[in-house]
Each structure stands twice: as C-alpha cells, then as structure tokens.
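Okay, structure first, notes after.
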Amino acid sequence: AVGDVSEGSILGGVTIVLIFAAALAIRRWSPPIALGLAWAGAIVQMSLGRPPTAADVAIFGVLYATAAYGTTRVYWAGFASAVFGAIVITVYLFSASIIGGGDLSPRTISAAVALLVAAAFALLLAWTVGALVRTALRARLNREAQEVAEADAAIEQERVRIARDMHDVVAHSLAVVIAQADGARYAAASDPQVATAALGTISTIARAALADVRVLLTQLRHSEPAGPQPTLADLEELYAQVRAAGVDLNIDVDPAPLGQPPASVQLAVYRILQEALTNALRHGGGAPVAVTLAWHPDRVALEVRNRLRPGHHPGESGHGLLGMGERAHLVGGHLSAADSGGDFVVGAELPIGRGAGL
C-alpha cells in the first residue's frame, strides 16, 4: 500500500511539473493558453493536496507574459488571476491547517493576512513588470510608426516641392518659347535677323529648361541634395527672357534690399515673379507689365500688374496661382491675385526675419 501511495505521489508531482513547464514554454506564443494551463496545474496540485513546490515559480512567468504580450482581455485576466490567486493560495494553505486540527485564533488570522499580502504582492509584482514592458513596447512601436509617418510626410513634401519647381520651370520656359516662336514666324519674311535672334533665344531657354528638368528628375529618382536654387541675382536673367519675348517690362525696386535676405525669401520672390510674368506672357498679349518690389526691414512687398487680353484670365483655380500662394505661405506670407480696372494684379507680402525661414 505504501508503494502505491508513493507511486501515485510521484506521478502526481510529475504531472504538475509537466503542466507548469508547458505553461511556461508557451507563455510568449499564447499567453491565454499558458494562463489556462497555470490554473489547471494549480487545481491539480490543490486536488492532490500537495504543498507549493519549485514548479509554482512558473506562475510568475505566465503572469508576466499575460501583462506584457497578451491582448487587452488577457491583460486584465492576468491581473484578476494575480488577485484571485493570492486569495486561493491563502485559503488553500490555511484551510488545510484548520482541517488538520488547527484553530482559528487571532494569531492564525494574522498569519493568513500576512500570507495573503505577500502572495498578492509577489503575483502582482510579476504582472506589473509585464505591464511596464508592455508600455515600453507600445511606446517603441508608436515611436517607430511616428518616424515612418514623418519620413513619408517629408518625402511627400519634397515631391510636392519638386512638382512645384517643375511647373514653374516648364510653364515659364514654354511661355517664352511660344512667344519667341510666334514673333519669329511673323518676322521671318520681313526681317530674317529678328527671326534668327528669336530662334537663338528659344534654343538658350530650351537648353536651360532641359537642364533644370534633368536636375528635378534626378531628385525624384535619387535621394540627393537639391541643386542650386534661384536667388535675387537671377532676376535680371528672368527679366531679360521676358523682354526678349517682346514684353515691355518696367521694374521698380524701392527701397532696395538691405543686406542679404534669407535664401527662402529670395527663392519665393523669384518663383512668384516667374509665375506672374509667365501669366502675363500668356494672357497679356505683349501688353506692358509693371513689377514693383519694396524691400522693407521686416518684409518685402511685390506686385506684378499687366493688362489682360479680352477673354483671357489666369483663373483662380489654376495651378500657377495655387503654386504662388503656396510659395508665399511657406515663408509665412500671403498672396492676392485679382482684376483691377482691366489689369490683373498679383500682390504678395513676405516677412523677412523669424517667419521667413523654411
């Protein structure tokens, strides 16, 4: 009989160890199944009347996994198991003591309370460590997702900038080329020299536009730094191209810039003037164009005024006007474009200072 009892005791102990070992082994793969196995091992242990053993340490690993890697339901199931498990442990140990002949004295009650507190602290500590790891993992995932989103936004912003530059370069160059081609066609019969000069201008502008487009396409294909951006020094070349297209262009700069304006403001001024003069070429029919620039200490005010041909209007929904508005907003300024007594007036004010940097 003693051999049977000893054999049954060993078999029960091995079963309990195997159950807790299985729970510990799959705790990361499936926290809910691991939690269920831990409870099954505890129930088998209590049904056999066995005292706590080293195998019970697996319960701490399972509670940690439920808090760190489980779903929301498993997370709170682990918390409830830690609290309820402490109560079950206390009741199991002291009920066996009382049934075995012990009495329910104040000393026994105090020991039971102490055991309850210690068990709850140990089990909840394992669960809390898992909860902290869960918070750290989520924070890392959120940070990685934010970095990916910021990188995507930066790429999209760069593509928008390149598309805007492409529009500015191509639209302006084609407008000048078309104007020159029309002039050469009309002058070919009466003045071949004018036609030859126009063809030379077309060739020069087309080559410059092709070079700019190649730079922009390279930026789209590769993550390379942007090439040189236009500055105020390039405005004279822009004015020369417009005048070469047969436009009477009047430039008034008063007051002149003090020192060197920020590069972002210079680029914005150049692109806005480029687009405004392109619109003047398209819709003005060669009518005089007046450009006014006023470089104040804190801002620059610019205005482009040209007479419109009957039936022609840039259109406030066009990409050109939207692009000019975006250029102004990027440096903290604002832009307006409207008819004024038969003239089309583009006006902008761009801050020079803290709000001017990109």
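By convention in this document, the chains of the structure tokens carry letters A, B, ... by their order, each chain's residues are numbered from 1, and ligands are numbered from 1 in the order they are shown.
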
> Can you list, as number ranges by chain, every protein, DNA or RNA residue that comes within 10 Å of A:Leu267 when you count only C-alpha atoms, leaving out same-chain residues fewer than 6 positions away?
Replying inline: A: 229-232, 234, 273, 327, 331

File dump, residues just selected, C-alpha atoms, as a JSON list (two decimals), in the first residue's frame:
[["chain", "number", "residue", "atom", "x", "y", "z"],
["A", 229, "GLN", "CA", 18.15, 77.46, -56.08],
["A", 230, "PRO", "CA", 17.43, 80.77, -57.81],
["A", 231, "THR", "CA", 18.32, 83.96, -55.92],
["A", 232, "LEU", "CA", 17.79, 87.67, -56.44],
["A", 234, "ASP", "CA", 18.95, 85.54, -61.16],
["A", 273, "LEU", "CA", 7.70, 86.69, -60.12],
["A", 327, "ARG", "CA", 5.22, 79.77, -52.12],
["A", 331, "VAL", "CA", 7.68, 81.60, -45.84]]

All residues 12 Å or closer to A:Arg134, only C-alpha atoms, same chain fewer than 3 positions away omitted, as an mmCIF file with N, CA, C and O atoms, in the first residue's frame:
data_model
loop_
_atom_site.group_PDB
_atom_site.id
_atom_site.type_symbol
_atom_site.label_atom_id
_atom_site.label_comp_id
_atom_site.auth_asym_id
_atom_site.auth_seq_id
_atom_site.Cartn_x
_atom_site.Cartn_y
_atom_site.Cartn_z
ATOM 1 N N TYR A 64 3.585 37.426 -15.969
ATOM 2 C CA TYR A 64 4.385 38.435 -16.679
ATOM 3 C C TYR A 64 4.012 38.462 -18.158
ATOM 4 O O TYR A 64 3.829 39.530 -18.758
ATOM 5 N N ALA A 65 3.882 37.284 -18.771
ATOM 6 C CA ALA A 65 3.573 37.204 -20.197
ATOM 7 C C ALA A 65 2.180 37.727 -20.512
ATOM 8 O O ALA A 65 1.973 38.367 -21.548
ATOM 9 N N THR A 66 1.199 37.457 -19.624
ATOM 10 C CA THR A 66 -0.156 37.960 -19.887
ATOM 11 C C THR A 66 -0.186 39.478 -19.912
ATOM 12 O O THR A 66 -0.908 40.082 -20.714
ATOM 13 N N ALA A 67 0.595 40.115 -19.040
ATOM 14 C CA ALA A 67 0.619 41.579 -18.999
ATOM 15 C C ALA A 67 1.451 42.167 -20.121
ATOM 16 O O ALA A 67 1.119 43.228 -20.665
ATOM 17 N N ALA A 68 2.543 41.506 -20.500
ATOM 18 C CA ALA A 68 3.457 42.072 -21.493
ATOM 19 C C ALA A 68 3.002 41.811 -22.921
ATOM 20 O O ALA A 68 3.125 42.694 -23.783
ATOM 21 N N TYR A 69 2.459 40.626 -23.208
ATOM 22 C CA TYR A 69 2.216 40.240 -24.595
ATOM 23 C C TYR A 69 0.771 39.868 -24.894
ATOM 24 O O TYR A 69 0.446 39.611 -26.059
ATOM 25 N N GLY A 70 -0.089 39.803 -23.890
ATOM 26 C CA GLY A 70 -1.466 39.394 -24.118
ATOM 27 C C GLY A 70 -2.328 40.504 -24.682
ATOM 28 O O GLY A 70 -1.953 41.680 -24.711
ATOM 29 N N THR A 71 -3.514 40.120 -25.181
ATOM 30 C CA THR A 71 -4.493 41.098 -25.629
ATOM 31 C C THR A 71 -5.040 41.841 -24.413
ATOM 32 O O THR A 71 -4.667 41.559 -23.262
ATOM 33 N N THR A 72 -5.926 42.774 -24.661
ATOM 34 C CA THR A 72 -6.492 43.548 -23.552
ATOM 35 C C THR A 72 -7.233 42.641 -22.571
ATOM 36 O O THR A 72 -7.113 42.795 -21.347
ATOM 37 N N TYR A 75 -4.714 40.635 -20.692
ATOM 38 C CA TYR A 75 -4.031 41.555 -19.777
ATOM 39 C C TYR A 75 -4.782 41.674 -18.457
ATOM 40 O O TYR A 75 -4.207 41.507 -17.366
ATOM 41 N N TRP A 127 3.083 40.584 -12.565
ATOM 42 C CA TRP A 127 2.153 41.167 -13.540
ATOM 43 C C TRP A 127 2.523 42.621 -13.852
ATOM 44 O O TRP A 127 2.475 43.057 -15.016
ATOM 45 N N THR A 128 2.931 43.389 -12.837
ATOM 46 C CA THR A 128 3.278 44.802 -13.027
ATOM 47 C C THR A 128 4.524 44.961 -13.890
ATOM 48 O O THR A 128 4.590 45.847 -14.740
ATOM 49 N N VAL A 129 5.517 44.092 -13.665
ATOM 50 C CA VAL A 129 6.715 44.147 -14.516
ATOM 51 C C VAL A 129 6.328 43.905 -15.977
ATOM 52 O O VAL A 129 6.804 44.594 -16.888
ATOM 53 N N GLY A 130 5.445 42.946 -16.202
ATOM 54 C CA GLY A 130 4.966 42.701 -17.559
ATOM 55 C C GLY A 130 4.224 43.906 -18.130
ATOM 56 O O GLY A 130 4.365 44.234 -19.307
ATOM 57 N N ALA A 131 3.408 44.573 -17.279
ATOM 58 C CA ALA A 131 2.683 45.753 -17.740
ATOM 59 C C ALA A 131 3.642 46.879 -18.126
ATOM 60 O O ALA A 131 3.412 47.605 -19.101
ATOM 61 N N LEU A 137 7.053 48.566 -24.904
ATOM 62 C CA LEU A 137 6.931 48.040 -26.261
ATOM 63 C C LEU A 137 5.984 48.901 -27.097
ATOM 64 O O LEU A 137 6.265 49.205 -28.265
ATOM 65 N N ARG A 138 4.861 49.294 -26.497
ATOM 66 C CA ARG A 138 3.912 50.130 -27.241
ATOM 67 C C ARG A 138 4.503 51.494 -27.549
ATOM 68 O O ARG A 138 4.272 52.053 -28.629
ATOM 69 N N ALA A 139 5.256 52.044 -26.586
ATOM 70 C CA ALA A 139 5.890 53.344 -26.824
ATOM 71 C C ALA A 139 6.895 53.243 -27.971
ATOM 72 O O ALA A 139 6.980 54.136 -28.822
ATOM 73 N N ARG A 140 7.645 52.147 -28.019
ATOM 74 C CA ARG A 140 8.603 51.967 -29.115
ATOM 75 C C ARG A 140 7.895 51.813 -30.449
ATOM 76 O O ARG A 140 8.315 52.402 -31.461
ATOM 77 N N LEU A 141 6.810 51.031 -30.469
ATOM 78 C CA LEU A 141 6.062 50.869 -31.709
ATOM 79 C C LEU A 141 5.461 52.185 -32.168
ATOM 80 O O LEU A 141 5.463 52.512 -33.364
#

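Minimum distance to A:Ala294 across A:Pro351, A:Ala244, A:Phe20, A:Ala263 (counting only C-alpha atoms) occurs at A:Pro351.
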
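Among the candidates A:Leu18, A:Val91, A:Ala184, A:Leu281, the residue lying nearest to A:Thr196 is A:Ala184 (atoms considered: only C-alpha atoms).
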
> In Å, with one decimal, what is the gap from atom CA of A:Val194 to atom CA of A:Leu308?
Replying inline: 25.9 Å

>> Using only C-alpha atoms, which protein or nucleic acid residues come within 10 Å of A:Arg271? Drop anything in the same chain fewer than 3 positions from it, and give the result as a PyMOL selection string.
In response: chain A and resi 164-165+168-169+172+230-231+235+265-268+274-277+323-324+327-328

>> Quick one: residues within 9 Å of A:Leu124, only C-alpha atoms, excluding same-chain residues fewer than 6 positions away - as a VMD selection string?
In response: chain A and resid 60 63 79 82 to 83

> Got a sec: who's within 10 Å of A:Val17, counting only C-alpha atoms, leaving out chain neighbours fewer than 3 positions off, as a ChimeraX atom specification?
Replying inline: /A:11-14,20-23,41,45,53-56,58

Restrict the selected residues to C-alpha atoms and save them as an mmCIF file, in the first residue's frame.
data_model
loop_
_atom_site.group_PDB
_atom_site.id
_atom_site.type_symbol
_atom_site.label_atom_id
_atom_site.label_comp_id
_atom_site.auth_asym_id
_atom_site.auth_seq_id
_atom_site.Cartn_x
_atom_site.Cartn_y
_atom_site.Cartn_z
ATOM 1 C CA LEU A 11 3.058 10.543 -10.709
ATOM 2 C CA GLY A 12 1.043 13.494 -9.422
ATOM 3 C CA GLY A 13 4.195 15.540 -8.868
ATOM 4 C CA VAL A 14 5.444 14.779 -12.362
ATOM 5 C CA PHE A 20 3.595 24.172 -15.313
ATOM 6 C CA ALA A 21 6.511 23.539 -17.687
ATOM 7 C CA ALA A 22 4.129 23.543 -20.658
ATOM 8 C CA ALA A 23 2.549 26.798 -19.448
ATOM 9 C CA GLY A 41 -1.758 22.935 -12.761
ATOM 10 C CA GLN A 45 -1.956 20.496 -7.219
ATOM 11 C CA THR A 53 6.851 23.439 -4.867
ATOM 12 C CA ALA A 54 9.534 24.979 -7.060
ATOM 13 C CA ALA A 55 7.367 24.291 -10.098
ATOM 14 C CA ASP A 56 4.961 27.003 -8.914
ATOM 15 C CA ALA A 58 6.229 29.156 -13.488
#
